[in-house]
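**Q** Got a structure for you, protein_0.txt, holding compact mmCIF, C-alpha atoms.
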```txt
# COMPACT_ATOMS: atom_id res chain seq x y z
CA MET A 47 12.50 -22.46 56.06
CA SER A 48 13.50 -19.33 54.10
CA ASP A 49 11.04 -16.67 53.01
CA GLN A 50 11.54 -17.64 49.35
CA ALA A 51 10.76 -21.29 50.11
CA LYS A 52 7.61 -20.31 52.02
CA LEU A 53 6.51 -18.02 49.20
CA GLU A 54 7.03 -20.70 46.57
CA ARG A 55 5.14 -23.29 48.63
CA ARG A 56 2.17 -20.92 48.99
CA TYR A 57 2.19 -20.10 45.29
CA ARG A 58 2.13 -23.82 44.52
CA ARG A 59 -0.93 -24.19 46.73
CA LEU A 60 -2.64 -21.51 44.66
CA LEU A 61 -1.87 -23.49 41.49
CA ALA A 62 -4.31 -26.12 42.74
CA TRP A 63 -7.04 -23.87 41.33
CA TYR A 64 -5.74 -24.61 37.82
CA PRO A 65 -6.55 -27.76 35.82
CA ALA A 66 -4.10 -30.63 36.28
CA LEU A 67 -3.06 -30.57 32.62
CA PHE A 68 -2.08 -26.91 32.84
CA ARG A 69 -0.12 -27.53 36.03
CA ARG A 70 1.82 -30.36 34.43
CA GLU A 71 2.65 -28.42 31.28
CA HIS A 72 3.09 -24.86 32.55
CA GLY A 73 3.12 -24.99 36.36
CA GLU A 74 6.89 -24.58 36.73
CA GLU A 75 6.96 -21.74 34.23
CA LEU A 76 4.18 -19.92 36.05
CA ILE A 77 5.91 -20.38 39.40
CA ALA A 78 9.14 -19.00 37.91
CA VAL A 79 7.31 -15.89 36.66
CA VAL A 80 5.54 -15.05 39.92
CA MET A 81 8.66 -15.76 41.98
CA ALA A 82 10.77 -13.53 39.75
CA CYS A 83 8.27 -10.69 40.23
CA SER A 84 8.26 -11.04 44.01
CA PRO A 85 10.58 -8.84 46.10
CA ASP A 86 13.20 -10.24 48.43
CA GLY A 87 11.90 -11.02 51.88
CA GLN A 88 8.29 -11.63 50.80
CA SER A 89 6.98 -14.80 52.39
CA ARG A 90 3.36 -14.87 51.20
CA PRO A 91 1.63 -13.91 47.93
CA GLY A 92 0.01 -10.51 47.77
CA LEU A 93 -3.76 -10.28 47.92
CA ALA A 94 -4.10 -9.05 44.33
CA ALA A 95 -1.79 -11.75 42.95
CA SER A 96 -3.61 -14.46 44.91
CA ALA A 97 -7.01 -13.28 43.72
CA ASP A 98 -5.85 -13.15 40.10
CA LEU A 99 -4.35 -16.65 40.22
CA ILE A 100 -7.56 -18.04 41.71
CA ARG A 101 -9.69 -16.19 39.18
CA SER A 102 -7.56 -17.38 36.25
CA GLY A 103 -7.60 -20.96 37.53
CA LEU A 104 -11.38 -20.97 37.94
CA TRP A 105 -11.82 -19.43 34.50
CA MET A 106 -9.73 -22.19 32.94
CA ARG A 107 -11.73 -24.87 34.77
CA LEU A 108 -15.07 -23.38 33.73
CA ARG A 109 -13.92 -22.79 30.15
CA PRO A 110 -11.38 -25.55 29.44
CA SER A 111 -11.62 -25.32 25.67
CA VAL A 112 -8.67 -24.09 23.66
CA PRO A 113 -8.77 -20.29 23.31
CA ARG A 114 -9.67 -18.74 20.00
CA SER A 115 -6.52 -18.58 17.94
CA ALA A 116 -4.98 -15.43 16.51
CA PRO A 117 -5.79 -14.72 12.83
CA THR A 118 -2.17 -15.34 11.89
CA VAL A 119 -2.20 -18.77 13.55
CA ALA A 120 -5.50 -19.65 11.88
CA ALA A 121 -4.01 -18.64 8.51
CA ALA A 122 -0.90 -20.73 9.18
CA VAL A 123 -3.04 -23.76 10.04
CA ARG A 124 -5.03 -23.37 6.81
CA LEU A 125 -1.77 -23.25 4.86
CA MET A 126 -0.63 -26.45 6.62
CA TYR A 127 -3.79 -28.20 5.47
CA ALA A 128 -3.10 -26.84 1.99
CA GLY A 129 0.42 -28.27 2.26
CA ALA A 130 -1.04 -31.67 3.12
CA ALA A 131 -3.35 -31.45 0.10
CA VAL A 132 -0.52 -30.45 -2.25
CA THR A 133 1.65 -33.28 -0.90
CA THR A 134 -1.21 -35.74 -1.47
CA ILE A 135 -1.59 -34.59 -5.07
CA GLY A 136 2.15 -34.81 -5.59
CA LEU A 137 2.20 -38.34 -4.15
CA ILE A 138 -0.54 -39.49 -6.51
CA ILE A 139 1.18 -37.98 -9.53
CA ALA A 140 4.53 -39.47 -8.47
CA ILE A 141 3.01 -42.96 -8.11
CA LEU A 142 1.34 -42.72 -11.51
CA SER A 143 4.60 -41.55 -13.05
CA VAL A 144 6.55 -44.40 -11.47
CA VAL A 145 3.99 -46.94 -12.67
CA PHE A 146 4.03 -45.51 -16.19
CA VAL A 147 7.81 -45.18 -16.51
CA GLY A 148 8.82 -48.15 -14.38
CA GLY A 149 6.27 -50.42 -15.96
CA ARG A 150 8.35 -50.45 -19.12
CA ALA A 151 11.72 -50.92 -17.46
CA GLY A 152 10.57 -53.23 -14.67
CA SER A 153 12.81 -51.47 -12.15
CA LEU A 154 13.94 -47.97 -11.15
CA ARG A 155 16.93 -46.51 -9.40
CA LEU A 156 16.41 -45.73 -5.71
CA LEU A 157 19.19 -44.38 -3.48
CA GLY A 158 21.72 -45.10 -6.21
CA HIS A 159 20.66 -48.72 -6.78
CA SER A 160 18.27 -50.39 -9.17
CA GLN A 161 15.18 -51.55 -7.28
CA PRO A 162 12.07 -53.51 -8.32
CA LEU A 163 9.07 -51.40 -9.16
CA PRO A 164 6.96 -52.53 -6.13
CA VAL A 165 9.77 -51.54 -3.75
CA VAL A 166 10.04 -48.06 -5.29
CA ILE A 167 6.28 -47.56 -5.08
CA ALA A 168 6.13 -48.79 -1.47
CA VAL A 169 8.95 -46.47 -0.39
CA GLY A 170 7.36 -43.54 -2.22
CA ILE A 171 3.99 -44.13 -0.57
CA MET A 172 5.57 -44.46 2.87
CA VAL A 173 7.55 -41.22 2.50
CA GLY A 174 4.52 -39.40 1.14
CA LEU A 175 2.26 -40.54 3.98
CA VAL A 176 4.86 -39.45 6.53
CA LEU A 177 5.01 -35.98 4.98
CA ILE A 178 1.21 -35.71 4.87
CA GLY A 179 1.04 -36.86 8.49
CA LEU A 180 3.57 -34.20 9.52
CA TRP A 181 1.52 -31.45 7.86
CA LEU A 182 -1.66 -32.59 9.60
CA TRP A 183 0.05 -33.15 12.96
CA MET A 184 1.65 -29.71 12.95
CA ALA A 185 -1.64 -28.11 11.89
CA ARG A 186 -3.49 -29.67 14.81
CA ALA A 187 -0.79 -29.00 17.40
CA ASN A 188 -0.26 -25.38 16.35
CA SER A 189 -4.00 -24.73 16.33
CA GLN A 190 -4.01 -25.84 20.00
CA GLY A 191 -1.33 -23.30 20.90
CA ARG A 192 1.49 -25.81 21.47
CA ASN A 193 4.68 -23.77 21.42
CA TRP A 194 6.81 -26.89 20.81
CA ALA A 195 4.84 -27.43 17.60
CA ARG A 196 5.74 -23.95 16.38
CA ILE A 197 9.42 -24.66 17.05
CA LEU A 198 9.25 -28.12 15.44
CA SER A 199 7.47 -26.66 12.38
CA THR A 200 10.35 -24.23 11.97
CA VAL A 201 12.93 -27.03 12.29
CA LEU A 202 11.10 -29.14 9.70
CA PHE A 203 11.00 -26.19 7.33
CA GLY A 204 14.76 -25.79 7.77
CA LEU A 205 15.29 -29.46 6.92
CA ALA A 206 13.06 -29.12 3.86
CA THR A 207 15.13 -26.13 2.75
CA LEU A 208 18.36 -28.16 3.00
CA HIS A 209 16.89 -30.88 0.77
CA LEU A 210 15.29 -28.51 -1.73
CA SER A 211 18.13 -28.89 -4.24
CA GLY A 212 17.91 -32.68 -4.20
CA TRP A 213 14.80 -32.90 -6.38
CA THR A 214 14.99 -33.77 -10.08
CA GLY A 215 12.38 -33.62 -12.80
CA VAL A 216 10.04 -30.76 -13.60
CA ALA A 217 7.04 -32.09 -11.68
CA GLN A 218 9.08 -32.85 -8.55
CA VAL A 219 10.73 -29.44 -8.61
CA VAL A 220 7.39 -27.67 -9.03
CA PHE A 221 5.78 -29.49 -6.10
CA ALA A 222 8.89 -29.05 -3.97
CA VAL A 223 8.92 -25.30 -4.60
CA VAL A 224 5.18 -24.97 -3.94
CA THR A 225 5.39 -26.85 -0.63
CA TRP A 226 8.52 -24.90 0.33
CA LEU A 227 6.73 -21.60 -0.28
CA LEU A 228 3.80 -22.84 1.81
CA GLY A 229 6.23 -23.75 4.58
CA LEU A 230 7.89 -20.35 4.38
CA ALA A 231 4.53 -18.61 4.73
CA VAL A 232 3.59 -20.88 7.64
CA VAL A 233 6.79 -20.14 9.56
CA TRP A 234 6.46 -16.41 8.94
CA LEU A 235 2.87 -16.42 10.23
CA LEU A 236 3.69 -18.56 13.27
CA TRP A 237 6.34 -16.11 14.46
CA ARG A 238 4.31 -12.94 14.02
CA PRO A 239 3.77 -10.95 17.28
CA THR A 240 0.06 -11.83 17.37
CA SER A 241 0.92 -15.52 17.04
CA THR A 242 3.52 -15.30 19.80
CA ALA A 243 0.90 -13.92 22.17
CA PHE A 244 -1.37 -16.88 21.35
CA PHE A 245 1.37 -19.44 22.03
CA LYS A 246 2.06 -18.11 25.54
CA PRO A 247 0.59 -20.34 28.27
CA PRO A 248 -2.96 -19.22 29.23
CA GLY A 249 -3.02 -17.10 32.34
CA LEU A 250 0.76 -16.71 32.41
CA THR A 251 0.81 -13.11 31.21
CA GLN A 252 -2.00 -12.09 33.54
CA ALA A 253 -0.33 -13.76 36.50
CA GLY A 254 2.94 -12.02 35.75
CA HIS A 255 1.31 -8.60 35.57
CA SER A 256 -0.62 -9.27 38.77
CA ALA A 257 2.54 -10.33 40.60
CA GLU A 258 4.26 -7.14 39.46
CA ALA A 259 1.31 -5.08 40.69
CA SER A 260 0.95 -6.92 44.01
CA PRO A 261 1.78 -5.02 47.21
CA ARG A 262 5.46 -5.10 48.05
CA SER A 263 6.25 -6.32 51.50
CA ASP A 264 9.61 -6.70 53.23
```
Reformat the file's structure so that it appears as structure tokens.
**A**
Amino acid sequence: MSDQAKLERRYRRLLAWYPALFRREHGEELIAVVMACSPDGQSRPGLAASADLIRSGLWMRLRPSVPRSAPTVAAAVRLMYAGAAVTTIGLIIAILSVVFVGGRAGSLRLLGHSQPLPVVIAVGIMVGLVLIGLWLWMARANSQGRNWARILSTVLFGLATLHLSGWTGVAQVVFAVVTWLLGLAVVWLLWRPTSTAFFKPPGLTQAGHSAEASPRSD
């Protein structure tokens, strides 16, 4: 067995000190960091690196709660909840408008075709609930430091930007612009340097620094 294989196996044994959830989500990333910081020919972790990994793992087991978020992340989460509230208000107004206008005509155009009023209302409610659910889901996931949620939030904002010109009517345009501005602020806050530090896996930065500072052995 090569020195690199022995070193990796011993680092993986040290990961047993970490909670199982952390190992499943970030174990490979942590191994990649400590291995990259290890010199060629090293076959066992340094004493300082081993102690730091054990200490970090024990700390995470004793304090498993999600770490306190950065102020920028907390602000972004509040704006996401505001986005959900604005979307809810817009949905209510849209339903009332459809009932008022469609009640006279008996049907409305949807996707280029005339549809019965109940169908238009049902589709509108379904779309609105999906949008509200996305706001709430992203708020929760980002508040927990899920980096995939930050990326997905950015992708969703990009999709919303592409469809921004598709709205008609004063009320729809106003709500679309307001929610777009909220999304823009959210994305900007999520990618601030302080937010990026929060989204890094717990213990990963410390482990990397410790591996760099560990004694070099040939």
**Q** Would you compute the distance between CA of Thr134 in chain A and CA of Asn188 in chain A? Give it in Å to one decimal.
**A**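 We find that CA of Thr134 in chain A and CA of Asn188 in chain A lie 20.6 Å from each other.
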**Q** Between A:Leu125, A:Ala168, A:Ala217, A:Ile178, which is the closest to Leu230 in chain A once you count all atoms listed in the file?
**A** A:Leu125
**Q** Name the closest residue to Arg196 in chain A among the candidates A:Val216, A:Leu104, A:Leu235, A:Tyr57; distances are taken between atoms, counting only C-alpha atoms.
**A**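 Using only C-alpha atoms, the shortest distance to Arg196 in chain A belongs to A:Leu235.
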**Q** I want to know what sits within 10 Å of Arg56 in chain A, based on only C-alpha atoms, with residues of the same chain fewer than 4 positions away left out; could you give that as a list of chain:residue names?
**A**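 After dropping sequence-adjacent residues, the list is A:Gln50, A:Ala51, A:Lys52, A:Leu60, A:Leu61, A:Ser89, A:Arg90, A:Pro91, A:Ser96.
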**Q** Of the candidates A:Ile167, A:Ile77, A:Val119, A:Ala195, which one gets nearest to Leu236 in chain A if we count all atoms listed in the file?
**A**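 Of all the options, A:Val119 lies closest to Leu236 in chain A.
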**Q** Just checking: using all atoms listed in the file, which residue out of A:Ala222, A:Ala94, A:Trp63, A:Glu54 ends up closest to Val80 in chain A?
**A**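 Going through A:Ala222, A:Ala94, A:Trp63, A:Glu54 one by one, the smallest distance to Val80 in chain A is for A:Glu54.
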**Q** By how many Å are CA of Met106 in chain A and CA of Met184 in chain A apart?
**A**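 Result for CA of Met106 in chain A versus CA of Met184 in chain A: 24.2 Å, one decimal.
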**Q** Which polymer residues, whether protein, DNA or RNA, lie within 10 Å of the coordinate (10.5, -26.2, 10.2) when you count all atoms listed in the file? List them as a PyMOL selection string, using the chain letters and numbers from the file.
**A** chain A and resi 184+195-207+229-230+232-233
**Q** To one decimal place in Å, what is the distance between CA of Ala82 in chain A and CA of Asn193 in chain A?
**A** 21.9 Å
**Q** Which residues come within 10 Å of Arg186 in chain A, counting only C-alpha atoms, excluding same-chain residues fewer than 6 positions away, as a short mmCIF file (atom, residue, chain, number, x, y, z; two decimals) with C-alpha atoms, keeping the file's coordinate frame?
**A**
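Wrote it out as result_29.cif, contents follow:
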```
data_model
loop_
_atom_site.label_atom_id
_atom_site.label_comp_id
_atom_site.auth_asym_id
_atom_site.auth_seq_id
_atom_site.Cartn_x
_atom_site.Cartn_y
_atom_site.Cartn_z
CA VAL A 123 -3.04 -23.76 10.04
CA MET A 126 -0.63 -26.45 6.62
CA TYR A 127 -3.79 -28.20 5.47
CA LEU A 180 3.57 -34.20 9.52
CA ARG A 192 1.49 -25.81 21.47
CA ALA A 195 4.84 -27.43 17.60
#
```
